[in-house]
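Novice: See upload-v4.cif below, with mmCIF, C-alpha atoms.
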```
data_entry
#
loop_
_atom_site.group_PDB
_atom_site.id
_atom_site.type_symbol
_atom_site.label_atom_id
_atom_site.label_comp_id
_atom_site.auth_asym_id
_atom_site.auth_seq_id
_atom_site.Cartn_x
_atom_site.Cartn_y
_atom_site.Cartn_z
ATOM 1 C CA MET A 1 28.482 5.896 -5.397
ATOM 2 C CA ASP A 2 26.978 8.188 -2.754
ATOM 3 C CA GLN A 3 24.006 6.219 -1.456
ATOM 4 C CA LYS A 4 22.288 9.473 -0.526
ATOM 5 C CA GLN A 5 22.240 10.555 -4.173
ATOM 6 C CA SER A 6 20.635 8.920 -7.177
ATOM 7 C CA PRO A 7 23.275 8.544 -9.912
ATOM 8 C CA GLN A 8 22.879 11.260 -12.544
ATOM 9 C CA ARG A 9 22.709 9.596 -15.942
ATOM 10 C CA PRO A 10 21.444 10.797 -19.342
ATOM 11 C CA ARG A 11 18.029 9.193 -18.977
ATOM 12 C CA ASN A 12 17.221 10.584 -15.517
ATOM 13 C CA GLU A 13 18.958 13.942 -15.880
ATOM 14 C CA VAL A 14 16.642 16.948 -15.580
ATOM 15 C CA ARG A 15 17.406 18.998 -18.693
ATOM 16 C CA ARG A 16 14.569 21.506 -18.828
ATOM 17 C CA LEU A 17 15.211 23.999 -15.980
ATOM 18 C CA PRO A 18 17.977 21.835 -14.492
ATOM 19 C CA GLU A 19 18.153 24.025 -11.389
ATOM 20 C CA ARG A 20 14.886 22.401 -10.307
ATOM 21 C CA GLY A 21 16.348 18.915 -10.572
ATOM 22 C CA VAL A 22 16.895 17.021 -7.332
ATOM 23 C CA TYR A 23 18.810 13.738 -7.019
ATOM 24 C CA ASP A 24 18.742 13.435 -3.252
ATOM 25 C CA ARG A 25 17.255 10.054 -2.350
ATOM 26 C CA GLU A 26 15.454 11.383 0.719
ATOM 27 C CA VAL A 27 13.579 13.894 -1.430
ATOM 28 C CA ILE A 28 12.763 11.256 -4.054
ATOM 29 C CA HIS A 29 11.554 8.822 -1.392
ATOM 30 C CA ALA A 30 9.441 11.451 0.367
ATOM 31 C CA ILE A 31 7.590 12.376 -2.840
ATOM 32 C CA LEU A 32 6.899 8.720 -3.653
ATOM 33 C CA ASP A 33 5.652 8.169 -0.106
ATOM 34 C CA GLU A 34 3.277 11.128 -0.192
ATOM 35 C CA ALA A 35 1.855 10.471 -3.665
ATOM 36 C CA LEU A 36 -1.165 8.164 -3.439
ATOM 37 C CA ILE A 37 -0.802 6.867 -6.994
ATOM 38 C CA CYS A 38 1.880 6.679 -9.647
ATOM 39 C CA HIS A 39 1.775 6.284 -13.426
ATOM 40 C CA VAL A 40 3.621 3.457 -15.143
ATOM 41 C CA GLY A 41 4.691 3.923 -18.755
ATOM 42 C CA PHE A 42 5.662 0.943 -20.916
ATOM 43 C CA ILE A 43 5.728 -0.218 -24.510
ATOM 44 C CA THR A 44 3.311 -2.785 -25.927
ATOM 45 C CA ASP A 45 3.068 -4.324 -29.378
ATOM 46 C CA ARG A 46 0.406 -1.685 -30.100
ATOM 47 C CA GLY A 47 2.472 1.266 -28.892
ATOM 48 C CA PRO A 48 3.142 3.137 -25.636
ATOM 49 C CA VAL A 49 0.749 2.901 -22.682
ATOM 50 C CA VAL A 50 0.613 4.763 -19.353
ATOM 51 C CA ILE A 51 -1.404 3.231 -16.503
ATOM 52 C CA PRO A 52 -2.190 4.817 -13.100
ATOM 53 C CA THR A 53 -1.750 2.446 -10.171
ATOM 54 C CA ILE A 54 -1.202 2.237 -6.417
ATOM 55 C CA HIS A 55 2.375 1.799 -5.301
ATOM 56 C CA ALA A 56 4.424 1.542 -2.127
ATOM 57 C CA ARG A 57 8.078 2.069 -1.285
ATOM 58 C CA VAL A 58 10.151 -0.082 1.048
ATOM 59 C CA GLY A 59 13.721 1.176 1.229
ATOM 60 C CA ASP A 60 15.001 1.435 -2.352
ATOM 61 C CA ILE A 61 12.278 -0.823 -3.766
ATOM 62 C CA LEU A 62 9.041 0.381 -5.342
ATOM 63 C CA TYR A 63 6.238 -2.198 -5.344
ATOM 64 C CA LEU A 64 3.338 -2.396 -7.811
ATOM 65 C CA HIS A 65 0.473 -4.878 -7.753
ATOM 66 C CA GLY A 66 -2.521 -6.030 -9.737
ATOM 67 C CA SER A 67 -4.248 -8.929 -11.419
ATOM 68 C CA PRO A 68 -2.068 -11.430 -13.316
ATOM 69 C CA ALA A 69 -4.397 -10.749 -16.274
ATOM 70 C CA SER A 70 -3.539 -7.054 -16.236
ATOM 71 C CA ARG A 71 -1.962 -5.866 -19.481
ATOM 72 C CA MET A 72 0.581 -3.872 -17.510
ATOM 73 C CA LEU A 73 1.615 -6.719 -15.245
ATOM 74 C CA ARG A 74 1.805 -9.150 -18.165
ATOM 75 C CA THR A 75 3.920 -6.748 -20.229
ATOM 76 C CA VAL A 76 6.405 -5.044 -17.932
ATOM 77 C CA PRO A 77 8.373 -7.811 -16.136
ATOM 78 C CA ASP A 78 11.937 -7.789 -17.500
ATOM 79 C CA ALA A 79 11.144 -4.775 -19.705
ATOM 80 C CA GLU A 80 12.042 -1.113 -19.225
ATOM 81 C CA VAL A 81 9.417 1.058 -17.549
ATOM 82 C CA CYS A 82 9.157 4.712 -16.598
ATOM 83 C CA ILE A 83 7.273 5.415 -13.360
ATOM 84 C CA THR A 84 6.165 8.928 -12.430
ATOM 85 C CA ALA A 85 4.497 10.509 -9.405
ATOM 86 C CA THR A 86 3.456 14.145 -9.035
ATOM 87 C CA LEU A 87 2.222 16.296 -6.156
ATOM 88 C CA VAL A 88 0.671 19.664 -7.034
ATOM 89 C CA ASP A 89 1.244 22.150 -4.203
ATOM 90 C CA GLY A 90 -0.163 25.327 -5.683
ATOM 91 C CA ILE A 91 -1.347 27.339 -8.673
ATOM 92 C CA VAL A 92 1.105 30.085 -9.552
ATOM 93 C CA ALA A 93 -0.801 33.065 -10.963
ATOM 94 C CA ALA A 94 1.539 35.497 -12.675
ATOM 95 C CA ARG A 95 0.890 38.948 -14.099
ATOM 96 C CA SER A 96 1.384 37.515 -17.582
ATOM 97 C CA THR A 97 -0.216 34.326 -18.836
ATOM 98 C CA PHE A 98 3.165 33.193 -20.142
ATOM 99 C CA HIS A 99 4.542 32.914 -16.604
ATOM 100 C CA HIS A 100 1.542 31.128 -15.075
ATOM 101 C CA SER A 101 2.722 27.851 -13.562
ATOM 102 C CA MET A 102 2.277 25.415 -10.698
ATOM 103 C CA ASN A 103 4.294 24.637 -7.637
ATOM 104 C CA TYR A 104 4.888 20.915 -7.688
ATOM 105 C CA ARG A 105 7.080 18.007 -6.617
ATOM 106 C CA SER A 106 7.543 15.181 -9.087
ATOM 107 C CA VAL A 107 9.617 12.031 -9.432
ATOM 108 C CA VAL A 108 10.607 9.944 -12.437
ATOM 109 C CA VAL A 109 11.950 6.415 -11.904
ATOM 110 C CA PHE A 110 13.429 4.214 -14.622
ATOM 111 C CA GLY A 111 13.891 0.499 -14.123
ATOM 112 C CA VAL A 112 13.158 -3.094 -15.015
ATOM 113 C CA PRO A 113 10.488 -4.704 -12.803
ATOM 114 C CA ARG A 114 10.917 -8.199 -11.450
ATOM 115 C CA VAL A 115 8.120 -10.490 -10.312
ATOM 116 C CA VAL A 116 8.003 -10.954 -6.537
ATOM 117 C CA THR A 117 7.688 -14.643 -5.676
ATOM 118 C CA ASP A 118 9.324 -14.958 -2.247
ATOM 119 C CA PRO A 119 6.483 -15.431 0.317
ATOM 120 C CA ASP A 120 8.067 -13.162 2.927
ATOM 121 C CA GLU A 121 8.694 -10.374 0.431
ATOM 122 C CA ARG A 122 5.175 -10.735 -0.951
ATOM 123 C CA SER A 123 3.717 -10.384 2.533
ATOM 124 C CA ALA A 124 5.876 -7.321 3.214
ATOM 125 C CA ALA A 125 4.822 -5.797 -0.120
ATOM 126 C CA PHE A 126 1.124 -6.419 0.560
ATOM 127 C CA GLU A 127 1.520 -4.718 3.933
ATOM 128 C CA ALA A 128 3.442 -1.774 2.473
ATOM 129 C CA ILE A 129 0.817 -1.132 -0.209
ATOM 130 C CA THR A 130 -2.006 -1.295 2.339
ATOM 131 C CA GLU A 131 -0.178 1.019 4.729
ATOM 132 C CA HIS A 132 0.665 3.440 1.916
ATOM 133 C CA VAL A 133 -3.022 3.968 1.221
ATOM 134 C CA LEU A 134 -4.195 4.022 4.852
ATOM 135 C CA PRO A 135 -1.554 3.814 7.609
ATOM 136 C CA GLY A 136 -2.573 1.431 10.380
ATOM 137 C CA ARG A 137 -5.046 -0.508 8.228
ATOM 138 C CA TRP A 138 -2.930 -3.670 7.849
ATOM 139 C CA THR A 139 -3.522 -4.742 11.457
ATOM 140 C CA GLU A 140 -7.196 -3.681 11.407
ATOM 141 C CA ALA A 141 -8.390 -5.574 8.336
ATOM 142 C CA ARG A 142 -8.331 -9.228 7.301
ATOM 143 C CA GLN A 143 -5.105 -9.977 5.486
ATOM 144 C CA PRO A 144 -4.917 -11.787 2.113
ATOM 145 C CA ASN A 145 -5.817 -15.461 2.068
ATOM 146 C CA ASP A 146 -4.239 -18.033 -0.263
ATOM 147 C CA ARG A 147 -6.792 -17.460 -3.020
ATOM 148 C CA GLU A 148 -6.274 -13.690 -2.941
ATOM 149 C CA ASP A 149 -2.509 -14.108 -2.810
ATOM 150 C CA LYS A 150 -2.552 -16.276 -5.929
ATOM 151 C CA ALA A 151 -4.845 -13.780 -7.663
ATOM 152 C CA THR A 152 -2.354 -10.950 -7.176
ATOM 153 C CA LYS A 153 0.838 -10.302 -9.101
ATOM 154 C CA LEU A 154 3.490 -8.204 -7.401
ATOM 155 C CA LEU A 155 6.311 -6.367 -9.148
ATOM 156 C CA ALA A 156 9.393 -4.761 -7.635
ATOM 157 C CA VAL A 157 11.428 -1.950 -9.201
ATOM 158 C CA THR A 158 14.728 -0.820 -7.718
ATOM 159 C CA ILE A 159 14.798 2.968 -7.298
ATOM 160 C CA GLU A 160 18.216 3.651 -8.772
ATOM 161 C CA ASP A 161 17.910 5.729 -11.934
ATOM 162 C CA ALA A 162 15.571 8.375 -10.558
ATOM 163 C CA SER A 163 15.266 12.124 -10.243
ATOM 164 C CA ALA A 164 12.917 14.655 -8.730
ATOM 165 C CA LYS A 165 11.874 18.034 -10.063
ATOM 166 C CA VAL A 166 10.546 20.687 -7.720
ATOM 167 C CA ARG A 167 9.104 24.150 -8.188
ATOM 168 C CA THR A 168 8.414 26.415 -5.221
ATOM 169 C CA GLY A 169 7.887 30.100 -4.643
ATOM 170 C CA PRO A 170 6.091 33.031 -6.259
ATOM 171 C CA PRO A 171 5.583 33.895 -9.929
ATOM 172 C CA GLY A 172 8.597 34.823 -12.015
ATOM 173 C CA ASP A 173 7.223 37.855 -13.800
ATOM 174 C CA GLU A 174 9.138 40.137 -16.134
ATOM 175 C CA ASP A 175 10.488 43.377 -14.686
ATOM 176 C CA GLU A 176 8.352 45.448 -17.057
ATOM 177 C CA ASP A 177 5.169 43.788 -15.702
ATOM 178 C CA MET A 178 5.765 44.525 -12.020
ATOM 179 C CA ASN A 179 3.724 47.762 -12.037
ATOM 180 C CA LEU A 180 0.665 46.252 -13.735
ATOM 181 C CA ASP A 181 -2.576 46.372 -11.741
ATOM 182 C CA ILE A 182 -2.925 42.593 -11.905
ATOM 183 C CA TRP A 183 -2.968 40.340 -8.856
ATOM 184 C CA ALA A 184 -0.173 37.795 -8.748
ATOM 185 C CA GLY A 185 0.603 35.104 -6.217
ATOM 186 C CA VAL A 186 0.213 31.458 -5.276
ATOM 187 C CA ILE A 187 -3.009 29.583 -4.505
ATOM 188 C CA PRO A 188 -2.000 26.641 -2.278
ATOM 189 C CA LEU A 189 -3.463 23.232 -3.077
ATOM 190 C CA GLY A 190 -3.495 19.995 -1.116
ATOM 191 C CA VAL A 191 -5.297 16.707 -0.547
ATOM 192 C CA VAL A 192 -7.846 16.997 2.267
ATOM 193 C CA ALA A 193 -9.790 14.055 3.670
ATOM 194 C CA GLY A 194 -13.536 14.481 3.792
ATOM 195 C CA LYS A 195 -16.001 12.943 6.214
ATOM 196 C CA PRO A 196 -15.937 9.128 5.865
ATOM 197 C CA VAL A 197 -19.067 7.427 4.554
ATOM 198 C CA SER A 198 -19.727 3.992 6.049
ATOM 199 C CA ALA A 199 -20.405 1.080 3.719
ATOM 200 C CA PRO A 200 -24.163 0.609 3.270
ATOM 201 C CA ASP A 201 -23.875 -3.040 4.358
ATOM 202 C CA LEU A 202 -21.750 -2.313 7.444
ATOM 203 C CA LYS A 203 -22.667 -4.492 10.395
ATOM 204 C CA PRO A 204 -24.689 -2.455 12.921
ATOM 205 C CA GLY A 205 -22.653 -1.203 15.864
ATOM 206 C CA VAL A 206 -19.286 -1.241 14.116
ATOM 207 C CA GLU A 207 -17.512 2.036 14.806
ATOM 208 C CA MET A 208 -14.990 3.816 12.632
ATOM 209 C CA SER A 209 -11.509 2.334 12.877
ATOM 210 C CA GLU A 210 -8.510 4.115 14.366
ATOM 211 C CA ALA A 211 -6.795 4.296 10.961
ATOM 212 C CA ALA A 212 -9.833 5.976 9.398
ATOM 213 C CA LEU A 213 -10.159 8.361 12.325
ATOM 214 C CA ARG A 214 -6.508 9.388 12.068
ATOM 215 C CA ARG A 215 -6.809 9.963 8.333
ATOM 216 C CA THR A 216 -9.973 12.002 8.810
ATOM 217 C CA ALA A 217 -8.358 14.059 11.566
ATOM 218 C CA GLY A 218 -5.929 15.527 9.079
ATOM 219 C CA GLY A 219 -3.198 12.924 8.777
ATOM 220 C CA SER A 220 -1.215 12.930 5.561
ATOM 221 C CA GLY A 221 -2.400 9.486 4.600
ATOM 222 C CA THR A 222 1.173 8.452 3.866
ATOM 223 C CA SER A 223 3.417 6.032 5.627
ATOM 224 C CA THR A 224 7.035 6.423 6.596
ATOM 225 C CA THR A 225 9.191 3.567 5.417
ATOM 226 C CA GLU A 226 12.838 2.771 5.748
ATOM 227 C CA SER A 227 15.014 5.269 3.909
#
```
What's the structure tokens form of this structure?

Specialist:
Amino acid sequence: MDQKQSPQRPRNEVRRLPERGVYDREVIHAILDEALICHVGFITDRGPVVIPTIHARVGDILYLHGSPASRMLRTVPDAEVCITATLVDGIVAARSTFHHSMNYRSVVVFGVPRVVTDPDERSAAFEAITEHVLPGRWTEARQPNDREDKATKLLAVTIEDASAKVRTGPPGDEDEDMNLDIWAGVIPLGVVAGKPVSAPDLKPGVEMSEAALRRTAGGSGTSTTES
């Protein structure tokens, strides 16, 4: 198997507009790295559930975390899950409402999570999740103590059956609509960091950290991990 390509199987094959399907691992990894949250879909005894959560990628492993009491973390180990992440890059305004769309990058990952118990892997996963949210924060903040470690369940999903779907470019209007006096084009969208607000109980004299400053200065807020 080409390690640069995700294997194309029936469950991860992009069928609707297949020309937008991407199986390149670098593209899949980059979307997961940029997305700040993902959505995890799973089946419970009461039916399907989809939960938004923070994630982090290390190589070909996607890490999820939460409380051991969490319904998701109690349900999904050793069971099939579907994990999605989406980045919206723009609103596509066409001349006809039928052709209105969005420019986007999305990923779907299928897999069976395993519980992370190895202390070294748990520490690496904690760091990856922290760095995914705010690069540089792991070395700035206090790291988990034993009580916090025991109060956190970590899951790992191998990114194998995965695919991306990407739309870029202008509207795809019909030829007969090209002469209509209607504006058409793309309105770019993106995540922009606002001005940080200090915690109300912050100790006097404590200045903003380097990680927060970098994020505020226009950094992407995403970390680069091993491909």

Novice: I would like the residues chosen by the PyMOL selection byres ((chain A and resi 58-72) around 8) on the shown file; could you give them as JSON, numbers by chain?

Specialist: {"A": [42, 51, 53, 54, 55, 56, 57, 73, 74, 75, 76, 125, 128, 129, 151, 152, 153, 154, 155, 156, 157, 158, 159, 160, 225, 226, 227]}

Novice: Can you check which parts of stretch 5-65 of chain A lie within 12 Å of stretch 180-201 of chain A? Per residue, the shortest pair of atoms and distance in Å to one decimal, counting all atoms listed in the file, sorted by chain and number, as a Markdown table.

Specialist:
```
| residue | atom | partner | partner_atom | distance |
| --- | --- | --- | --- | --- |
| A:Glu34 | CA | A:Val191 | CA | 10.2 |
| A:Ala35 | CA | A:Val191 | CA | 10.0 |
| A:Leu36 | CA | A:Val191 | CA | 9.9 |
```

Novice: Calculated over all atoms listed in the file, which of the candidates A:Phe110, A:Asp173, A:Lys165, A:Thr117 has the smallest distance to A:Arg16?

Specialist: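 Distance minimum relative to A:Arg16 lands on A:Lys165.
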
Novice: Counting only C-alpha atoms, figure out which residue out of A:Glu148, A:Asp45, A:Glu80, A:Glu210 gets nearest to A:Pro113.

Specialist: A:Glu80

Novice: Calculate how many Å separate atom CA of A:Met102 from atom CA of A:Lys4, rounding to one decimal.

Specialist: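 Spanning atom CA of A:Met102 to atom CA of A:Lys4 is a straight-line distance of 27.5 Å.
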
Novice: Any chance you could work out the residue set of the PyMOL selection byres ((chain A and resi 161) around 12) here, as a ChimeraX atom specification?

Specialist: /A:5-14,23-25,28,60-61,80-83,107-112,157-160,162-164

Novice: Compare A:Ala93, A:Val22, A:Leu202, A:Leu213 by their minimum atom-to-atom distance to A:Arg137, counting all atoms listed in the file, and give me the closest one.

Specialist: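 Ranking A:Ala93, A:Val22, A:Leu202, A:Leu213 by distance to A:Arg137, first place goes to A:Leu213.
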